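S.K.: Below is the file run-v6.txt, with compact mmCIF, C-alpha atoms (C1' of nucleotides).
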```txt
# COMPACT_ATOMS: atom_id res chain seq x y z
CA MET A 1 8.99 209.46 55.12
CA PRO A 2 9.53 210.21 58.59
CA GLU A 3 12.84 210.85 60.13
CA LEU A 4 13.35 212.93 63.22
CA PRO A 5 12.41 216.32 61.71
CA GLU A 6 9.18 214.97 60.23
CA VAL A 7 8.17 213.20 63.44
CA GLU A 8 9.01 216.26 65.53
CA THR A 9 7.04 218.46 63.12
CA VAL A 10 4.04 216.18 63.56
CA ARG A 11 4.48 216.18 67.33
CA ARG A 12 4.53 219.96 67.48
CA GLY A 13 1.51 220.23 65.23
CA LEU A 14 -0.55 217.73 67.19
CA ALA A 15 0.31 219.10 70.61
CA PRO A 16 -2.15 222.02 70.60
CA VAL A 17 -4.93 219.73 69.38
CA LEU A 18 -4.33 216.84 71.76
CA LEU A 19 -2.71 218.15 74.95
CA GLY A 20 -5.13 218.22 77.84
CA ARG A 21 -7.95 216.96 75.64
CA ARG A 22 -10.05 213.93 76.36
CA LEU A 23 -10.42 211.28 73.63
CA THR A 24 -14.12 210.80 73.07
CA ARG A 25 -14.07 208.36 70.18
CA VAL A 26 -11.35 206.06 68.88
CA VAL A 27 -11.84 203.96 65.75
CA VAL A 28 -9.42 201.32 64.49
CA ARG A 29 -10.44 200.75 60.88
CA GLN A 30 -7.42 198.68 59.88
CA PRO A 31 -5.49 197.00 62.69
CA MET A 32 -2.93 195.27 60.46
CA LEU A 33 -0.04 197.69 60.61
CA ARG A 34 3.61 196.67 61.11
CA TRP A 35 2.30 194.83 64.14
CA PRO A 36 -1.40 194.42 64.86
CA VAL A 37 -2.87 197.35 66.76
CA PRO A 38 -3.70 195.86 70.19
CA LEU A 39 -7.26 194.59 70.43
CA GLU A 40 -7.93 196.80 73.43
CA PHE A 41 -6.53 199.92 71.75
CA ALA A 42 -9.80 201.78 71.20
CA ARG A 43 -11.16 200.76 74.60
CA ALA A 44 -7.93 201.77 76.34
CA LEU A 45 -7.88 205.24 74.81
CA THR A 46 -11.54 206.18 74.91
CA GLY A 47 -12.34 208.55 77.76
CA ARG A 48 -8.65 209.17 78.57
CA ARG A 49 -7.05 212.59 78.67
CA VAL A 50 -3.78 213.26 76.82
CA GLU A 51 -1.21 214.42 79.36
CA ALA A 52 1.89 214.70 77.20
CA LEU A 53 3.09 214.24 73.66
CA ASP A 54 6.74 213.25 73.45
CA ARG A 55 9.17 212.00 70.85
CA ARG A 56 12.02 209.52 71.19
CA GLY A 57 14.00 209.07 67.98
CA LYS A 58 11.36 208.45 65.33
CA TYR A 59 8.78 207.30 67.88
CA LEU A 60 5.90 209.43 69.09
CA LEU A 61 4.76 208.86 72.66
CA ILE A 62 1.23 209.83 73.61
CA ARG A 63 0.98 209.78 77.40
CA LEU A 64 -2.49 209.28 78.83
CA ASP A 65 -3.87 210.20 82.25
CA ASP A 66 -4.02 206.58 83.42
CA ASP A 67 -0.29 205.92 82.92
CA ARG A 68 -0.78 204.23 79.62
CA VAL A 69 1.40 205.37 76.74
CA VAL A 70 0.72 205.00 73.03
CA ILE A 71 3.90 204.25 71.08
CA GLY A 72 3.52 205.45 67.51
CA HIS A 73 5.82 205.04 64.52
CA LEU A 74 5.10 206.35 61.03
CA GLY A 75 7.11 203.74 59.12
CA MET A 76 7.84 204.84 55.54
CA SER A 77 4.55 206.35 54.49
CA GLY A 78 2.67 207.17 57.67
CA SER A 79 1.23 210.49 58.70
CA LEU A 80 -0.80 211.76 61.61
CA ALA A 81 -2.89 214.75 60.70
CA VAL A 82 -5.74 216.85 61.97
CA ARG A 83 -8.75 216.47 59.70
CA PRO A 84 -11.95 218.47 59.53
CA PRO A 85 -14.48 216.77 61.81
CA GLY A 86 -17.21 214.84 60.05
CA GLU A 87 -15.19 214.31 56.89
CA ALA A 88 -15.43 210.77 55.52
CA PRO A 89 -12.27 208.72 56.13
CA ALA A 90 -10.00 208.32 53.13
CA LEU A 91 -8.41 205.13 51.85
CA HIS A 92 -5.60 204.12 54.24
CA ASP A 93 -6.98 206.16 57.14
CA HIS A 94 -6.38 203.34 59.61
CA VAL A 95 -7.01 204.88 63.02
CA ILE A 96 -9.10 207.89 63.98
CA LEU A 97 -9.02 209.79 67.26
CA GLU A 98 -11.66 212.35 68.18
CA THR A 99 -11.28 214.76 71.07
CA ASP A 100 -13.79 216.45 73.35
CA ALA A 101 -13.02 219.68 71.47
CA GLY A 102 -14.33 218.11 68.29
CA ALA A 103 -10.94 217.68 66.63
CA CYS A 104 -10.24 214.63 64.52
CA VAL A 105 -6.73 213.15 64.27
CA THR A 106 -6.15 210.52 61.62
CA PHE A 107 -3.36 207.96 61.30
CA HIS A 108 -2.92 207.46 57.56
CA ASP A 109 -0.39 204.96 56.20
CA PRO A 110 -0.63 203.41 52.71
CA ARG A 111 2.23 200.98 53.17
CA ARG A 112 1.31 200.03 56.74
CA PHE A 113 4.92 199.89 57.93
CA GLY A 114 3.91 202.16 60.79
CA ALA A 115 2.81 201.03 64.23
CA LEU A 116 0.54 201.96 67.10
CA LEU A 117 1.23 200.04 70.29
CA LEU A 118 0.43 200.37 73.96
CA SER A 119 2.82 200.56 76.86
CA THR A 120 2.85 202.03 80.34
CA ALA A 121 4.53 205.10 81.80
CA LEU A 122 6.84 202.89 83.84
CA GLY A 123 7.51 200.38 81.09
CA VAL A 124 7.91 202.53 78.02
CA GLU A 125 11.62 203.26 78.46
CA ALA A 126 12.32 199.55 78.64
CA HIS A 127 10.00 198.67 75.77
CA PRO A 128 11.89 196.50 73.27
CA LEU A 129 11.42 199.11 70.52
CA LEU A 130 12.85 201.93 72.63
CA ALA A 131 15.26 200.29 75.03
CA HIS A 132 18.30 200.29 72.75
CA LEU A 133 17.88 203.63 71.04
CA GLY A 134 20.98 205.80 70.93
CA PRO A 135 21.20 209.42 72.06
CA GLU A 136 18.91 212.17 70.83
CA PRO A 137 20.98 214.16 68.33
CA LEU A 138 19.39 217.47 69.32
CA ASP A 139 20.23 217.00 72.99
CA GLY A 140 22.86 219.29 74.45
CA ALA A 141 24.87 216.24 75.43
CA PHE A 142 25.23 215.11 71.82
CA ASP A 143 28.64 216.22 70.57
CA GLY A 144 31.78 214.94 68.87
CA PRO A 145 33.07 212.83 71.74
CA ALA A 146 29.62 211.33 72.38
CA LEU A 147 29.28 210.40 68.72
CA ALA A 148 32.84 209.09 68.48
CA ALA A 149 32.21 206.84 71.47
CA ARG A 150 29.20 205.35 69.67
CA LEU A 151 31.14 204.77 66.46
CA ALA A 152 34.31 203.46 68.06
CA GLY A 153 35.28 199.98 66.93
CA LYS A 154 32.50 199.70 64.38
CA ARG A 155 33.66 198.00 61.20
CA CYS A 156 30.70 198.99 59.04
CA SER A 157 30.54 202.16 56.94
CA VAL A 158 29.74 205.42 58.68
CA LYS A 159 26.61 205.58 56.48
CA ALA A 160 25.36 202.26 57.82
CA ALA A 161 26.31 203.20 61.37
CA LEU A 162 24.31 206.42 61.30
CA LEU A 163 21.24 204.57 60.03
CA ASP A 164 21.53 202.26 63.05
CA GLN A 165 19.14 203.74 65.62
CA ARG A 166 21.30 202.35 68.43
CA VAL A 167 24.09 204.72 67.39
CA VAL A 168 21.97 207.88 67.10
CA ALA A 169 18.18 207.97 67.31
CA GLY A 170 16.21 209.62 64.56
CA LEU A 171 18.39 209.75 61.46
CA GLY A 172 17.21 208.09 58.26
CA ASN A 173 18.32 207.84 54.67
CA ILE A 174 17.85 211.50 53.76
CA TYR A 175 19.48 213.16 56.73
CA VAL A 176 22.40 210.74 56.86
CA SER A 177 23.34 211.63 53.28
CA GLU A 178 22.88 215.33 53.96
CA SER A 179 24.86 215.22 57.22
CA LEU A 180 27.80 213.33 55.72
CA PHE A 181 27.90 215.83 52.88
CA ARG A 182 28.05 218.76 55.27
CA ALA A 183 30.70 217.09 57.37
CA GLY A 184 32.78 216.33 54.26
CA LEU A 185 32.94 212.64 55.15
CA SER A 186 32.73 209.81 52.66
CA PRO A 187 29.75 207.55 53.29
CA ARG A 188 32.11 204.60 52.73
CA ARG A 189 34.46 205.58 55.51
CA LEU A 190 34.87 203.02 58.27
CA ALA A 191 32.60 204.11 61.12
CA GLY A 192 35.32 203.44 63.68
CA SER A 193 37.64 205.86 61.93
CA VAL A 194 35.37 208.80 62.67
CA SER A 195 36.73 210.34 65.85
CA GLY A 196 38.26 213.56 67.08
CA ALA A 197 37.78 216.50 64.73
CA ARG A 198 35.87 214.41 62.19
CA ALA A 199 33.37 213.25 64.78
CA ALA A 200 33.00 216.81 66.01
CA ARG A 201 32.31 218.02 62.47
CA LEU A 202 29.81 215.23 61.94
CA ALA A 203 27.95 215.92 65.18
CA VAL A 204 27.68 219.60 64.27
CA ALA A 205 26.54 218.74 60.75
CA ILE A 206 23.86 216.36 62.03
CA GLN A 207 22.48 218.97 64.39
CA ALA A 208 22.54 221.72 61.79
CA VAL A 209 20.76 219.62 59.16
CA LEU A 210 18.10 218.45 61.59
CA LEU A 211 17.44 221.94 62.92
CA GLU A 212 17.17 223.43 59.45
CA ALA A 213 14.85 220.65 58.34
CA LEU A 214 12.75 221.24 61.43
CA GLU A 215 12.44 224.92 60.59
CA SER A 216 11.14 223.90 57.16
CA GLY A 217 8.53 221.57 58.59
CA GLY A 218 10.47 218.49 57.44
CA SER A 219 10.83 217.06 53.94
CA THR A 220 7.86 216.04 51.81
CA LEU A 221 8.86 213.53 49.14
CA ARG A 222 5.44 212.03 48.87
CA ASP A 223 3.55 211.36 52.06
CA HIS A 224 4.80 213.64 54.76
CA ARG A 225 2.45 216.38 55.90
CA GLN A 226 2.68 218.67 58.85
CA ALA A 227 -0.16 217.96 61.26
CA ASN A 228 -2.14 220.83 59.76
CA GLY A 229 -1.91 219.27 56.31
CA GLU A 230 0.74 221.63 54.96
CA LEU A 231 3.70 220.16 53.13
CA GLY A 232 7.21 220.22 54.53
CA TYR A 233 9.63 222.03 52.28
CA PHE A 234 13.15 221.03 53.30
CA GLN A 235 13.32 218.83 50.16
CA HIS A 236 14.06 222.05 48.28
CA ALA A 237 17.16 222.53 50.42
CA PHE A 238 18.69 219.09 49.82
CA ALA A 239 22.34 219.35 48.85
CA VAL A 240 22.73 215.75 47.68
CA TYR A 241 19.74 213.54 48.42
CA ASP A 242 18.17 212.25 45.19
CA LYS A 243 20.44 214.58 43.18
CA GLU A 244 22.48 212.04 41.26
CA GLY A 245 24.24 213.67 38.30
CA GLN A 246 23.59 217.20 39.48
CA PRO A 247 26.43 219.55 40.38
CA CYS A 248 27.65 219.58 43.95
CA PRO A 249 26.55 222.79 45.65
CA GLY A 250 29.68 222.89 47.79
CA CYS A 251 32.43 222.65 45.20
CA ASP A 252 32.83 223.56 41.57
CA CYS A 253 33.28 219.99 40.41
CA ASP A 254 32.64 219.43 36.75
CA VAL A 255 29.54 217.30 36.18
CA ALA A 256 30.75 216.10 32.79
CA ARG A 257 34.12 214.97 34.10
CA GLU A 258 33.51 214.00 37.70
CA GLY A 259 29.85 213.10 37.54
CA GLY A 260 28.71 215.61 40.15
CA ILE A 261 26.61 214.04 42.88
CA ARG A 262 26.96 210.28 42.80
CA ARG A 263 24.61 207.57 43.94
CA LEU A 264 25.89 204.52 45.75
CA VAL A 265 24.00 201.56 47.20
CA GLN A 266 24.96 200.57 50.73
CA GLY A 267 23.05 197.89 52.58
CA GLY A 268 20.44 198.01 49.86
CA ARG A 269 19.80 201.73 50.28
CA SER A 270 20.82 204.67 48.13
CA THR A 271 23.45 207.07 49.38
CA PHE A 272 24.13 210.37 47.62
CA TYR A 273 27.47 212.14 47.93
CA CYS A 274 30.12 214.26 46.28
CA ALA A 275 33.25 212.17 45.77
CA ARG A 276 35.41 215.25 45.58
CA ARG A 277 34.27 216.96 48.71
CA GLN A 278 33.66 213.94 50.95
CA ARG A 279 36.68 211.96 52.17
C1' DA B 1 29.34 188.62 66.23
C1' DA B 2 28.63 191.10 62.14
C1' DC B 3 26.62 191.76 58.03
C1' DA B 4 23.55 191.17 53.98
C1' DA B 5 19.25 189.75 52.35
C1' DG B 6 14.46 189.00 52.92
C1' DA B 7 10.29 190.28 54.67
C1' DC B 8 6.34 193.36 55.35
C1' DC B 9 2.82 196.65 51.73
C1' DT B 10 1.20 200.15 48.45
C1' DG B 11 1.98 203.51 44.89
C1' DC B 12 4.42 205.68 41.44
C1' DA B 13 7.68 206.36 37.48
C1' DT B 14 9.76 204.12 33.79
C1' DG B 15 10.23 201.33 29.76
C1' DC B 16 8.60 197.97 26.57
C1' DT C 1 -3.17 201.44 26.65
C1' DG C 2 -1.56 197.81 29.44
C1' DC C 3 1.78 195.27 31.82
C1' DA C 4 6.19 194.19 34.10
C1' DT C 5 9.87 196.06 36.67
C1' DG C 6 12.18 198.62 40.08
C1' DC C 7 12.31 201.86 43.57
C1' DA C 8 10.70 204.57 47.76
C1' DG C 9 11.47 208.45 53.94
C1' DG C 10 11.96 201.97 58.05
C1' DT C 11 13.40 198.20 60.67
C1' DC C 12 12.58 193.54 62.44
C1' DT C 13 13.77 188.79 61.30
C1' DT C 14 16.25 185.37 59.01
C1' DG C 15 20.23 183.36 56.90
C1' DT C 16 25.28 183.28 55.80
```
How would this structure read if it were set down as structure tokens?
M.R.:
Amino acid sequence: MPELPEVETVRRGLAPVLLGRRLTRVVVRQPMLRWPVPLEFARALTGRRVEALDRRGKYLLIRLDDDRVVIGHLGMSGSLAVRPPGEAPALHDHVILETDAGACVTFHDPRRFGALLLSTALGVEAHPLLAHLGPEPLDGAFDGPALAARLAGKRCSVKAALLDQRVVAGLGNIYVSESLFRAGLSPRRLAGSVSGARAARLAVAIQAVLLEALESGGSTLRDHRQANGELGYFQHAFAVYDKEGQPCPGCDCDVAREGGIRRLVQGGRSTFYCARRQR
DNA sequence: AACAAGACCTGCATGC
DNA sequence: TGCATGCAGGTCTTGT
């Protein structure tokens, strides 16, 4: 599920429930996520107050009042949602946090590719999972030249490069396809060839797609929920993702003759694009 | 050094 | 109806 807009949607939804609250009860029902939840996780969180809720790329950072930081990742199918207190946990509800206001936040993740780890305020930036992340695409400093510098010399496809979190932090399979479509760039294009005006177009496209997705509460294909349980609805605004064979919304290409939106597999992952509009 | 493939795990749609 | 297959929003690890 979760790319930057979904994680940011969850962060914004959880903030009013968690910020400034004390965690009164923490239950780890299933510790075997991507990596085991640390043995001391429940003990470390119980009684602590949540001082800040941040996001870095696709990672959520829950900062506690004792300088500990929870590093959270939702993997493919994870969600963090506020549940009615007292409700019985559902299948795949792996970790439950209760606050002194009586709120109940549940980490739910059928595939268990997600993670909940512990770090410290001083160490979190240098944590192996975060240390090499590229720039935040919604930062003011992210622009054409910044992106071009990250892509320079790369021999892989621009699609593969954008999925690499060291190049830009937070893009995933959906938003890479959508961004390349908006920028009019072929997903097969050599990453290193994207510079100058092309890089500027791509940077603008990435920001526009992410901001629009954010306004829609992210994309719900299956698992993503906003923290309040509502679905995201940006999936209705996809131009190309999962639209193989459908007409391209940006040009009048003939589906019968040109095939409309095409699907391509790169690095084992589907890419969707319009061959006519993307060069 | 760069890249692809394999691994992790569950659920769902499809086709026989 | 049941079963096998393939695919899915991610990314670390292993092998070429």
S.K.: Near DC16 in chain B, within 12 Å and counting only C-alpha atoms (C1' of nucleotides), which residues show up once chain neighbours fewer than 4 positions away are dropped, as an mmCIF file with C-alpha atoms (C1' of nucleotides), in the frame of the given file?
M.R.:
```cif
data_model
loop_
_atom_site.group_PDB
_atom_site.id
_atom_site.type_symbol
_atom_site.label_atom_id
_atom_site.label_comp_id
_atom_site.auth_asym_id
_atom_site.auth_seq_id
_atom_site.Cartn_x
_atom_site.Cartn_y
_atom_site.Cartn_z
ATOM 1 C "C1'" DG C 2 -1.560 197.810 29.440
ATOM 2 C "C1'" DC C 3 1.780 195.270 31.820
ATOM 3 C "C1'" DA C 4 6.190 194.190 34.100
ATOM 4 C "C1'" DT C 5 9.870 196.060 36.670
#
```
S.K.: Pull out every residue of chain C that has at least one atom within 9 Å of chain A, counting all atoms listed in the file, and report them as a PDB file with C-alpha atoms (C1' of nucleotides), in the frame of the given file.
M.R.:
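See part_25.pdb below for the written result:
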```pdb
ATOM      1  C1'  DA C   8      10.700 204.570  47.760  1.00  0.00           C
ATOM      2  C1'  DG C   9      11.470 208.450  53.940  1.00  0.00           C
ATOM      3  C1'  DG C  10      11.960 201.970  58.050  1.00  0.00           C
ATOM      4  C1'  DT C  11      13.400 198.200  60.670  1.00  0.00           C
TER       5       DT C  11
END
```
S.K.: Using all atoms listed in the file, select each residue of chain A with any atom at most 10 Å away from an atom of chain B, and give the selection as a PyMOL selection string.
M.R.: chain A and resi 33-35+77+92+109-113+154-156+222+267-268
S.K.: How many Å lie between CA of Val194 in chain A and CA of Ala148 in chain A, rounded to one decimal?
M.R.: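 Going from CA of Val194 in chain A over to CA of Ala148 in chain A, I get 6.3 Å.
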S.K.: Would you compute the distance between CA of Asp143 in chain A and CA of Ala200 in chain A? Give it in Å to one decimal.
M.R.: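 Taking CA of Asp143 in chain A as the start and CA of Ala200 in chain A as the end point, the length is 6.3 Å.
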S.K.: Just want the 12 Å neighbourhood of Leu118 in chain A, counted on all atoms listed in the file, with same-chain residues fewer than 6 positions away dropped. Output as number ranges by chain.
M.R.: A: 35-45, 60-64, 67-73, 124, 127, 129
S.K.: Centre and edge lengths, as AutoDock Vina command-line options, for the axis-aligned box enclosing every listed atom of range 3-16 of chain C with 6 Å of padding on each of the six sides, in Å to one decimal?
M.R.:
```
--center_x 13.5 --center_y 195.9 --center_z 47.1 --size_x 35.5 --size_y 37.2 --size_z 42.6
```
S.K.: Have a look at CA of Gly260 in chain A and CA of Gly184 in chain A and let me know their distance in Å, one decimal.
M.R.: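 Pair CA of Gly260 in chain A / CA of Gly184 in chain A returns 14.7 Å.
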S.K.: Set the distance at 8 Å and use only C-alpha atoms (C1' of nucleotides): which residues neighbour Gln246 in chain A once local chain neighbours fewer than 4 positions away are removed? I'd like the list as a PyMOL selection string.
M.R.: chain A and resi 255+259-261
S.K.: Suppose we keep C-alpha atoms; can you now write the selection as a PDB file, in the frame of the given file?
M.R.:
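So result-v6.pdb came out as:
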```pdb
ATOM      1  CA  VAL A 255      29.540 217.300  36.180  1.00  0.00           C
ATOM      2  CA  GLY A 259      29.850 213.100  37.540  1.00  0.00           C
ATOM      3  CA  GLY A 260      28.710 215.610  40.150  1.00  0.00           C
ATOM      4  CA  ILE A 261      26.610 214.040  42.880  1.00  0.00           C
TER       5      ILE A 261
END
```
S.K.: Please list as a PyMOL selection string every residue within 7 Å of Arg49 in chain A, counting only C-alpha atoms (C1' of nucleotides) and excluding residues in the same chain fewer than 3 positions away.
M.R.: chain A and resi 20-23+64-65
S.K.: Quick one: of A:Leu138, A:Leu185, A:Leu14, A:Ala191, who's nearest to Thr106 in chain A, counting all atoms listed in the file?
M.R.: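 Comparing A:Leu138, A:Leu185, A:Leu14, A:Ala191 against Thr106 in chain A, the winner is A:Leu14.
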S.K.: Can you list, as a ChimeraX atom specification, every protein, DNA or RNA residue that comes within 9 Å of Leu214 in chain A when you count all atoms listed in the file, leaving out same-chain residues fewer than 5 positions away?
M.R.: /A:4-6,8-9,209,219,232,234
S.K.: Go ahead and write the selection's residues with C-alpha atoms as a PDB file, in the coordinates of the input.
M.R.:
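Generated output (out-v4.pdb):
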```
ATOM      1  CA  LEU A   4      13.350 212.930  63.220  1.00  0.00           C
ATOM      2  CA  PRO A   5      12.410 216.320  61.710  1.00  0.00           C
ATOM      3  CA  GLU A   6       9.180 214.970  60.230  1.00  0.00           C
ATOM      4  CA  GLU A   8       9.010 216.260  65.530  1.00  0.00           C
ATOM      5  CA  THR A   9       7.040 218.460  63.120  1.00  0.00           C
ATOM      6  CA  VAL A 209      20.760 219.620  59.160  1.00  0.00           C
ATOM      7  CA  SER A 219      10.830 217.060  53.940  1.00  0.00           C
ATOM      8  CA  GLY A 232       7.210 220.220  54.530  1.00  0.00           C
ATOM      9  CA  PHE A 234      13.150 221.030  53.300  1.00  0.00           C
TER      10      PHE A 234
END
```
